[in-house]
Amino acid sequence: MNISLLNPQQLDILKNTISQAQHIVICAHKSPDGDAVGSALAWKNYLENTGKTEVQICLPDQTPDFLHWLPNHRQILRYDRGPDKVKEVFHKADLVFCLDFNQSSRLDDMQAALELSQAPRILIDHHLDPDTNCALTISHPEMSSTSEIIFDLIWQLGAYDSMSCDCAACIYCGMMTDTGGFTYNSTRPEIYFIISKLLEKGINKDEIYNLVYHNFSANAIKLRAHIILNKLNVIEELHAAYFTVTKDEMRKFHFIKGDMEGLVNIPQKIRGLKLSISLREDTERPNLILVSLRSSNGFHCQPMATRFFNGGGHADASGGKLFCTIEEAEQITLRALLAYKNELQQKSAR
Ligand code: 5GP
Ligand code: MN
């Protein structure tokens, strides 16, 4: 199967920039998910395999608990924990890889650190509308995950044979989490070719599934149950659903980061549903509402995320933020639903 992504010129640029670099930074987006962390750790593993000794992963903030098992997770630097250290690393860098995000604003406060760097940038990502102001932009919105792109690059660079089991586990984790355990964005045959190659490296895919998806606290399950039972609004004629989550509710159920992960996917289980929206108060900043959108059955949420929620993402999995109260966020959501009334109303095949 041909999984080579780069043309000969791009491959040369990638090889040459890596060979000339000594101090390499890999950064990924705020609120890093399995793909952001998995792809970054896998790429660090690859670069170190080629003899690079100074490779640092810098993330804007905390990773969720269910990713802490990832090999070498402890080596990640966090901007919110030590901005000066991260700034220093960026300042010293002679090559920066931007993984799993399309625009530098996705780094949030850490964007300032990236701007300090004069180093060439290489973007490796699968979101729509990539930043092309880079030495090399490797952007593939059709692919499941940045981790899948990382596999293809390692393959094309001829380094599959020396890929470690740790590296394979990180790639598998990223591919699995960005496809909801291979339930969406996952119909391309290449994905299953790659999985077979990762299994040959000795990864235990069932164990990885358990580590990621069977890792809730009792409180997290109860918070989810509360939201579904008491907070879910289903607008049947629009094939849409949304819910709000307040700080008080999160406090009551001793919320920790990651506890809400995937909850926005649950309403998608309703037959014929096209759109699910989660509105959640930020736990630290007042008047900041974190928005997640998921779509299916022929409706695509990405334009709505851009137009109404200051965000973007993938065609069927997007996010954004609002600077207002939760009540105002609900009003904005209702306006957004009405703006797309015609598309949402149409009956879906399911
Ligand atoms: P989630 O709902 O899991 O937070 O995000 C879903 C997708 O939308 C992710 O791929 C993420 O990268 C993207 N996304 C989340 N928040 C934002 C945002 O503020 N801006 C943009 N452009 N994309 C976002
Ligand atoms: Mn991703």
# chains A, B, ... in the order shown; residues from 1 in each chain; ligands from 1

$ residues_around --residues "range 187-200 of chain A" --least-positions-apart "2" --cutoff "10 Å" --atoms "only C-alpha atoms" --output "ChimeraX atom specification"
/A:1-3,142-145,148,151-152,155,160,163-165,167-172,175-176,179,182-185,202-205

$ residues_around --residues "range 95-110 of chain A" --least-positions-apart "6" --cutoff "9 Å" --atoms "only C-alpha atoms" --output "ChimeraX atom specification"
/A:17-18,20-30,35-36,39-40,58-61,79-80,83,86-87,117-132,139,145-147,313

$ closest_atom_pairs --of "range 212-327 of chain A" --to "range 344-348 of chain A" --cutoff "10 Å" --atoms "only C-alpha atoms" --output "CSV"
residue,atom,partner,partner_atom,distance
A:Glu236,CA,A:Gln345,CA,8.9
A:Glu237,CA,A:Gln345,CA,6.0
A:Leu238,CA,A:Gln345,CA,4.7
A:His239,CA,A:Leu344,CA,6.1
A:Ala240,CA,A:Leu344,CA,7.4
A:Arg271,CA,A:Ser348,CA,9.4
A:Gly272,CA,A:Ser348,CA,5.9
A:Leu273,CA,A:Ser348,CA,8.2
A:Lys274,CA,A:Leu344,CA,6.9
A:Leu275,CA,A:Leu344,CA,8.0
A:Ser296,CA,A:Ser348,CA,9.3
A:Asn297,CA,A:Ser348,CA,5.8
A:Gly298,CA,A:Ser348,CA,7.3
A:Phe299,CA,A:Leu344,CA,7.0
A:His300,CA,A:Leu344,CA,9.8

$ residues_near_ligand --ligand "ligand 1" --cutoff "6 Å" --atoms "only C-alpha atoms and all ligand atoms" --output "PyMOL selection string"
chain A and resi 292-293+311-314+317-321

$ write_last_selection --atoms "all heavy atoms" --output "CSV table (one decimal), in the first residue's frame"
chain,number,residue,atom,x,y,z
A,292,SER,N,-18.0,22.6,22.3
A,292,SER,CA,-17.6,21.4,21.4
A,292,SER,C,-18.8,21.1,20.5
A,292,SER,O,-20.0,21.1,21.0
A,292,SER,CB,-17.3,20.2,22.3
A,292,SER,OG,-16.1,20.3,22.9
A,293,LEU,N,-18.5,20.8,19.3
A,293,LEU,CA,-19.6,20.5,18.4
A,293,LEU,C,-19.3,19.1,17.7
A,293,LEU,O,-18.1,18.9,17.3
A,293,LEU,CB,-19.8,21.5,17.3
A,293,LEU,CG,-20.1,23.0,17.7
A,293,LEU,CD1,-18.8,23.8,17.8
A,293,LEU,CD2,-21.1,23.6,16.8
A,311,GLY,N,-14.4,29.5,16.5
A,311,GLY,CA,-13.6,28.3,16.5
A,311,GLY,C,-13.5,27.7,15.1
A,311,GLY,O,-13.5,28.4,14.1
A,312,GLY,N,-13.4,26.4,15.1
A,312,GLY,CA,-13.2,25.7,13.9
A,312,GLY,C,-12.9,24.2,14.2
A,312,GLY,O,-13.3,23.7,15.2
A,313,GLY,N,-12.1,23.6,13.3
A,313,GLY,CA,-11.7,22.2,13.6
A,313,GLY,C,-11.9,21.3,12.4
A,313,GLY,O,-11.6,21.8,11.3
A,314,HIS,N,-12.6,20.2,12.6
A,314,HIS,CA,-12.8,19.3,11.5
A,314,HIS,C,-14.2,19.4,11.0
A,314,HIS,O,-15.1,20.0,11.7
A,314,HIS,CB,-12.6,17.8,11.9
A,314,HIS,CG,-11.2,17.7,12.6
A,314,HIS,ND1,-10.1,17.6,11.9
A,314,HIS,CD2,-10.9,17.5,13.9
A,314,HIS,CE1,-9.1,17.5,12.7
A,314,HIS,NE2,-9.6,17.4,14.0
A,317,ALA,N,-16.2,17.4,13.7
A,317,ALA,CA,-15.8,17.6,15.1
A,317,ALA,C,-15.1,18.9,15.3
A,317,ALA,O,-13.9,19.1,14.8
A,317,ALA,CB,-14.8,16.4,15.5
A,318,SER,N,-15.8,19.8,15.8
A,318,SER,CA,-15.2,21.2,15.9
A,318,SER,C,-15.3,21.7,17.4
A,318,SER,O,-16.0,21.1,18.2
A,318,SER,CB,-15.9,22.2,15.0
A,318,SER,OG,-15.9,21.7,13.7
A,319,GLY,N,-14.7,22.8,17.6
A,319,GLY,CA,-14.7,23.4,18.9
A,319,GLY,C,-14.6,24.9,18.8
A,319,GLY,O,-14.4,25.4,17.7
A,320,GLY,N,-14.8,25.6,19.9
A,320,GLY,CA,-14.6,27.0,19.9
A,320,GLY,C,-14.8,27.6,21.3
A,320,GLY,O,-14.8,26.8,22.3
A,321,LYS,N,-15.0,28.9,21.4
A,321,LYS,CA,-15.2,29.5,22.7
A,321,LYS,C,-16.0,30.7,22.6
A,321,LYS,O,-16.1,31.4,21.6
A,321,LYS,CB,-13.9,29.8,23.4
A,321,LYS,CG,-12.8,30.5,22.6
A,321,LYS,CD,-11.5,30.5,23.3
A,321,LYS,CE,-10.3,30.6,22.5
A,321,LYS,NZ,-10.1,30.1,21.2

$ select_by_dssp --residues "range 94-337 of chain A" --states "alpha helix (DSSP H)" --output "ChimeraX atom specification"
/A:111-116,146-156,165-178,189-199,205-213,218-226,247-252,302-309,326-337

$ residues_around --residues "Thr246 in chain A" --least-positions-apart "2" --cutoff "8 Å" --atoms "only C-alpha atoms" --output "VMD selection string"
chain A and resid 244 248 to 250 280 to 281 326

$ closest_residue --among "A:Val89, A:Ile76, A:Leu153, A:Ala113" --to "Trp43 in chain A" --atoms "only C-alpha atoms"
A:Leu153

$ residues_around --residues "Leu116 in chain A" --least-positions-apart "3" --cutoff "7 Å" --atoms "only C-alpha atoms" --output "number ranges by chain"
A: 90-91, 112-113

$ residues_around --residues "range 223-232 of chain A" --least-positions-apart "2" --cutoff "7 Å" --atoms "only C-alpha atoms" --output "PyMOL selection string"
chain A and resi 219-221+234+241-244+253+263

$ write_last_selection --atoms "N, CA and C atoms" --output "PDB file, in the first residue's frame"
ATOM      1  N   ASN A 219     -17.098   9.820  40.218  1.00  0.00           N
ATOM      2  CA  ASN A 219     -17.669  11.158  40.102  1.00  0.00           C
ATOM      3  C   ASN A 219     -17.874  11.571  38.647  1.00  0.00           C
ATOM      4  N   ALA A 220     -16.920  11.208  37.800  1.00  0.00           N
ATOM      5  CA  ALA A 220     -17.027  11.588  36.389  1.00  0.00           C
ATOM      6  C   ALA A 220     -18.238  10.919  35.755  1.00  0.00           C
ATOM      7  N   ILE A 221     -18.476   9.659  36.104  1.00  0.00           N
ATOM      8  CA  ILE A 221     -19.648   8.940  35.575  1.00  0.00           C
ATOM      9  C   ILE A 221     -20.936   9.603  36.063  1.00  0.00           C
ATOM     10  N   VAL A 234     -33.078  18.297  23.630  1.00  0.00           N
ATOM     11  CA  VAL A 234     -33.137  17.711  22.289  1.00  0.00           C
ATOM     12  C   VAL A 234     -34.212  18.451  21.499  1.00  0.00           C
ATOM     13  N   ALA A 241     -29.131  18.589  19.420  1.00  0.00           N
ATOM     14  CA  ALA A 241     -29.186  18.535  20.881  1.00  0.00           C
ATOM     15  C   ALA A 241     -28.056  19.385  21.443  1.00  0.00           C
ATOM     16  N   TYR A 242     -28.304  19.975  22.613  1.00  0.00           N
ATOM     17  CA  TYR A 242     -27.215  20.694  23.280  1.00  0.00           C
ATOM     18  C   TYR A 242     -27.393  20.575  24.780  1.00  0.00           C
ATOM     19  N   PHE A 243     -26.301  20.800  25.506  1.00  0.00           N
ATOM     20  CA  PHE A 243     -26.393  20.841  26.970  1.00  0.00           C
ATOM     21  C   PHE A 243     -25.403  21.863  27.499  1.00  0.00           C
ATOM     22  N   THR A 244     -25.698  22.356  28.707  1.00  0.00           N
ATOM     23  CA  THR A 244     -24.772  23.281  29.364  1.00  0.00           C
ATOM     24  C   THR A 244     -24.232  22.611  30.624  1.00  0.00           C
ATOM     25  N   PHE A 253     -19.476  17.586  41.480  1.00  0.00           N
ATOM     26  CA  PHE A 253     -19.008  16.236  41.131  1.00  0.00           C
ATOM     27  C   PHE A 253     -17.476  16.156  41.086  1.00  0.00           C
ATOM     28  N   LEU A 263     -18.200  13.476  26.166  1.00  0.00           N
ATOM     29  CA  LEU A 263     -19.626  13.557  26.512  1.00  0.00           C
ATOM     30  C   LEU A 263     -20.462  14.119  25.355  1.00  0.00           C
TER      31      LEU A 263
END

$ select_by_dssp --residues "range 20-109 of chain A" --states "strand (DSSP E)" --output "PyMOL selection string"
chain A and resi 23-28+54-59+77-78+95-99

$ write_last_selection --atoms "N, CA, C and O atoms" --output "PDB file, in the first residue's frame"
ATOM      1  N   HIS A  23      18.598  21.750  18.241  1.00  0.00           N
ATOM      2  CA  HIS A  23      17.665  22.013  19.341  1.00  0.00           C
ATOM      3  C   HIS A  23      16.259  22.085  18.765  1.00  0.00           C
ATOM      4  O   HIS A  23      15.893  23.078  18.149  1.00  0.00           O
ATOM      5  N   ILE A  24      15.528  21.014  18.983  1.00  0.00           N
ATOM      6  CA  ILE A  24      14.227  20.895  18.320  1.00  0.00           C
ATOM      7  C   ILE A  24      13.090  21.017  19.329  1.00  0.00           C
ATOM      8  O   ILE A  24      13.135  20.410  20.409  1.00  0.00           O
ATOM      9  N   VAL A  25      12.093  21.822  18.966  1.00  0.00           N
ATOM     10  CA  VAL A  25      10.877  21.916  19.788  1.00  0.00           C
ATOM     11  C   VAL A  25       9.715  21.301  19.014  1.00  0.00           C
ATOM     12  O   VAL A  25       9.575  21.514  17.820  1.00  0.00           O
ATOM     13  N   ILE A  26       8.921  20.527  19.737  1.00  0.00           N
ATOM     14  CA  ILE A  26       7.654  20.023  19.186  1.00  0.00           C
ATOM     15  C   ILE A  26       6.558  20.637  20.036  1.00  0.00           C
ATOM     16  O   ILE A  26       6.555  20.479  21.258  1.00  0.00           O
ATOM     17  N   CYS A  27       5.643  21.382  19.401  1.00  0.00           N
ATOM     18  CA  CYS A  27       4.546  21.934  20.195  1.00  0.00           C
ATOM     19  C   CYS A  27       3.213  21.474  19.643  1.00  0.00           C
ATOM     20  O   CYS A  27       3.109  21.084  18.478  1.00  0.00           O
ATOM     21  N   ALA A  28       2.197  21.482  20.497  1.00  0.00           N
ATOM     22  CA  ALA A  28       0.844  21.086  20.086  1.00  0.00           C
ATOM     23  C   ALA A  28      -0.162  21.961  20.829  1.00  0.00           C
ATOM     24  O   ALA A  28       0.215  22.772  21.676  1.00  0.00           O
ATOM     25  N   GLU A  54      18.507  16.789  21.740  1.00  0.00           N
ATOM     26  CA  GLU A  54      17.793  17.918  22.348  1.00  0.00           C
ATOM     27  C   GLU A  54      16.436  18.096  21.675  1.00  0.00           C
ATOM     28  O   GLU A  54      16.281  18.927  20.783  1.00  0.00           O
ATOM     29  N   VAL A  55      15.486  17.282  22.083  1.00  0.00           N
ATOM     30  CA  VAL A  55      14.131  17.401  21.528  1.00  0.00           C
ATOM     31  C   VAL A  55      13.171  17.614  22.692  1.00  0.00           C
ATOM     32  O   VAL A  55      13.079  16.778  23.593  1.00  0.00           O
ATOM     33  N   GLN A  56      12.492  18.754  22.705  1.00  0.00           N
ATOM     34  CA  GLN A  56      11.579  19.067  23.807  1.00  0.00           C
ATOM     35  C   GLN A  56      10.155  19.204  23.287  1.00  0.00           C
ATOM     36  O   GLN A  56       9.930  19.879  22.291  1.00  0.00           O
ATOM     37  N   ILE A  57       9.244  18.581  24.013  1.00  0.00           N
ATOM     38  CA  ILE A  57       7.819  18.787  23.707  1.00  0.00           C
ATOM     39  C   ILE A  57       7.303  19.888  24.628  1.00  0.00           C
ATOM     40  O   ILE A  57       7.483  19.808  25.849  1.00  0.00           O
ATOM     41  N   CYS A  58       6.683  20.913  24.054  1.00  0.00           N
ATOM     42  CA  CYS A  58       6.112  21.996  24.856  1.00  0.00           C
ATOM     43  C   CYS A  58       4.608  22.071  24.603  1.00  0.00           C
ATOM     44  O   CYS A  58       4.175  22.201  23.458  1.00  0.00           O
ATOM     45  N   LEU A  59       3.833  21.994  25.670  1.00  0.00           N
ATOM     46  CA  LEU A  59       2.381  22.090  25.564  1.00  0.00           C
ATOM     47  C   LEU A  59       1.885  23.276  26.388  1.00  0.00           C
ATOM     48  O   LEU A  59       2.484  23.599  27.426  1.00  0.00           O
ATOM     49  N   LEU A  77       7.122  19.467  28.664  1.00  0.00           N
ATOM     50  CA  LEU A  77       7.166  20.746  29.384  1.00  0.00           C
ATOM     51  C   LEU A  77       5.818  21.450  29.214  1.00  0.00           C
ATOM     52  O   LEU A  77       5.249  21.445  28.126  1.00  0.00           O
ATOM     53  N   ARG A  78       5.343  22.061  30.308  1.00  0.00           N
ATOM     54  CA  ARG A  78       4.060  22.772  30.259  1.00  0.00           C
ATOM     55  C   ARG A  78       4.278  24.264  30.417  1.00  0.00           C
ATOM     56  O   ARG A  78       4.917  24.705  31.375  1.00  0.00           O
ATOM     57  N   LEU A  95      14.744  24.487  15.210  1.00  0.00           N
ATOM     58  CA  LEU A  95      13.675  23.891  14.398  1.00  0.00           C
ATOM     59  C   LEU A  95      12.457  23.684  15.294  1.00  0.00           C
ATOM     60  O   LEU A  95      12.582  23.184  16.413  1.00  0.00           O
ATOM     61  N   VAL A  96      11.299  24.107  14.789  1.00  0.00           N
ATOM     62  CA  VAL A  96      10.057  23.940  15.563  1.00  0.00           C
ATOM     63  C   VAL A  96       9.046  23.153  14.738  1.00  0.00           C
ATOM     64  O   VAL A  96       8.750  23.517  13.598  1.00  0.00           O
ATOM     65  N   PHE A  97       8.550  22.066  15.319  1.00  0.00           N
ATOM     66  CA  PHE A  97       7.463  21.312  14.706  1.00  0.00           C
ATOM     67  C   PHE A  97       6.151  21.711  15.376  1.00  0.00           C
ATOM     68  O   PHE A  97       6.064  21.695  16.614  1.00  0.00           O
ATOM     69  N   CYS A  98       5.166  22.072  14.565  1.00  0.00           N
ATOM     70  CA  CYS A  98       3.836  22.426  15.077  1.00  0.00           C
ATOM     71  C   CYS A  98       2.903  21.270  14.735  1.00  0.00           C
ATOM     72  O   CYS A  98       2.607  21.036  13.557  1.00  0.00           O
ATOM     73  N   LEU A  99       2.457  20.557  15.744  1.00  0.00           N
ATOM     74  CA  LEU A  99       1.685  19.331  15.512  1.00  0.00           C
ATOM     75  C   LEU A  99       0.228  19.469  15.949  1.00  0.00           C
ATOM     76  O   LEU A  99      -0.052  19.970  17.044  1.00  0.00           O
TER      77      LEU A  99
END

$ atom_distance --atom1 "CA of Asn342 in chain A" --atom2 "CA of Met304 in chain A"
13.5 Å

$ closest_residue --among "A:Ile256, A:Cys173, A:Ile289, A:Cys324" --to "ligand 2" --atoms "only C-alpha atoms and all ligand atoms"
A:Cys173

$ closest_residue --among "A:Pro286, A:Gly34, A:Gly158, A:Pro71" --to "Gly181 in chain A" --atoms "only C-alpha atoms"
A:Gly34

$ closest_residue --among "A:Pro267, A:Gly180, A:Pro303, A:Gly258" --to "ligand 2" --atoms "only C-alpha atoms and all ligand atoms"
A:Gly180

$ closest_residue --among "A:Thr177, A:Ile154, A:Asn72, A:Ser276" --to "Asn210 in chain A" --atoms "only C-alpha atoms"
A:Thr177

$ decode --residues "range 281-293 of chain A" --atoms "all heavy atoms" --output "compact mmCIF listing (two decimals), in the first residue's frame"
# COMPACT_ATOMS: atom_id res chain seq x y z
N GLU A 281 -18.80 25.99 31.17
CA GLU A 281 -18.06 27.10 31.77
C GLU A 281 -16.62 26.69 32.02
O GLU A 281 -16.38 25.56 32.49
CB GLU A 281 -18.73 27.50 33.10
CG GLU A 281 -20.03 28.24 32.93
CD GLU A 281 -20.64 28.68 34.27
OE1 GLU A 281 -20.30 28.09 35.31
OE2 GLU A 281 -21.47 29.59 34.25
N ASP A 282 -15.70 27.60 31.74
CA ASP A 282 -14.30 27.32 32.07
C ASP A 282 -14.14 27.34 33.59
O ASP A 282 -14.78 28.14 34.27
CB ASP A 282 -13.40 28.38 31.42
CG ASP A 282 -11.93 28.04 31.57
OD1 ASP A 282 -11.49 27.11 30.89
OD2 ASP A 282 -11.25 28.67 32.39
N THR A 283 -13.32 26.44 34.11
CA THR A 283 -13.21 26.35 35.57
C THR A 283 -12.40 27.51 36.16
O THR A 283 -12.55 27.84 37.31
CB THR A 283 -12.56 25.02 35.99
OG1 THR A 283 -11.42 24.80 35.17
CG2 THR A 283 -13.52 23.86 35.87
N GLU A 284 -11.54 28.12 35.34
CA GLU A 284 -10.70 29.20 35.88
C GLU A 284 -11.17 30.59 35.48
O GLU A 284 -11.34 31.46 36.32
CB GLU A 284 -9.25 29.02 35.44
CG GLU A 284 -8.48 28.06 36.34
CD GLU A 284 -7.77 26.98 35.53
OE1 GLU A 284 -7.11 27.33 34.55
OE2 GLU A 284 -7.91 25.80 35.88
N ARG A 285 -11.37 30.80 34.19
CA ARG A 285 -11.66 32.16 33.72
C ARG A 285 -13.16 32.43 33.71
O ARG A 285 -13.93 31.66 33.15
CB ARG A 285 -11.09 32.36 32.32
CG ARG A 285 -9.57 32.32 32.34
CD ARG A 285 -9.02 32.54 30.95
NE ARG A 285 -8.04 31.51 30.66
CZ ARG A 285 -7.21 31.53 29.63
NH1 ARG A 285 -7.24 32.54 28.79
NH2 ARG A 285 -6.36 30.57 29.44
N PRO A 286 -13.58 33.55 34.32
CA PRO A 286 -15.00 33.88 34.30
C PRO A 286 -15.42 34.30 32.88
O PRO A 286 -14.60 34.80 32.10
CB PRO A 286 -15.13 35.06 35.28
CG PRO A 286 -13.76 35.60 35.43
CD PRO A 286 -12.78 34.53 35.08
N ASN A 287 -16.69 34.11 32.58
CA ASN A 287 -17.23 34.50 31.27
C ASN A 287 -16.49 33.89 30.09
O ASN A 287 -16.32 34.52 29.05
CB ASN A 287 -17.27 36.03 31.12
CG ASN A 287 -18.39 36.61 31.95
OD1 ASN A 287 -19.42 35.96 32.14
ND2 ASN A 287 -18.18 37.81 32.46
N LEU A 288 -15.99 32.69 30.29
CA LEU A 288 -15.42 31.95 29.16
C LEU A 288 -16.17 30.63 29.06
O LEU A 288 -16.24 29.86 30.03
CB LEU A 288 -13.92 31.69 29.38
CG LEU A 288 -13.26 30.78 28.32
CD1 LEU A 288 -13.34 31.38 26.93
CD2 LEU A 288 -11.79 30.51 28.68
N ILE A 289 -16.78 30.40 27.91
CA ILE A 289 -17.55 29.17 27.68
C ILE A 289 -16.83 28.33 26.62
O ILE A 289 -16.56 28.82 25.52
CB ILE A 289 -18.99 29.48 27.19
CG1 ILE A 289 -19.68 30.49 28.11
CG2 ILE A 289 -19.80 28.19 27.05
CD1 ILE A 289 -19.92 30.04 29.53
N LEU A 290 -16.51 27.11 26.97
CA LEU A 290 -15.84 26.20 26.03
C LEU A 290 -16.91 25.43 25.26
O LEU A 290 -17.82 24.86 25.86
CB LEU A 290 -14.93 25.24 26.81
CG LEU A 290 -13.96 25.93 27.77
CD1 LEU A 290 -13.22 24.92 28.62
CD2 LEU A 290 -12.97 26.79 26.99
N VAL A 291 -16.77 25.44 23.97
CA VAL A 291 -17.81 24.86 23.11
C VAL A 291 -17.23 23.68 22.33
O VAL A 291 -16.13 23.75 21.80
CB VAL A 291 -18.34 25.92 22.11
CG1 VAL A 291 -19.52 25.37 21.32
CG2 VAL A 291 -18.73 27.21 22.83
N SER A 292 -17.99 22.59 22.30
CA SER A 292 -17.64 21.45 21.44
C SER A 292 -18.82 21.12 20.54
O SER A 292 -19.97 21.13 21.01
CB SER A 292 -17.34 20.21 22.29
OG SER A 292 -16.09 20.32 22.90
N LEU A 293 -18.54 20.81 19.31
CA LEU A 293 -19.61 20.45 18.37
C LEU A 293 -19.27 19.14 17.67
O LEU A 293 -18.11 18.89 17.33
CB LEU A 293 -19.77 21.53 17.29
CG LEU A 293 -20.08 22.95 17.75
CD1 LEU A 293 -18.79 23.78 17.80
CD2 LEU A 293 -21.05 23.63 16.78
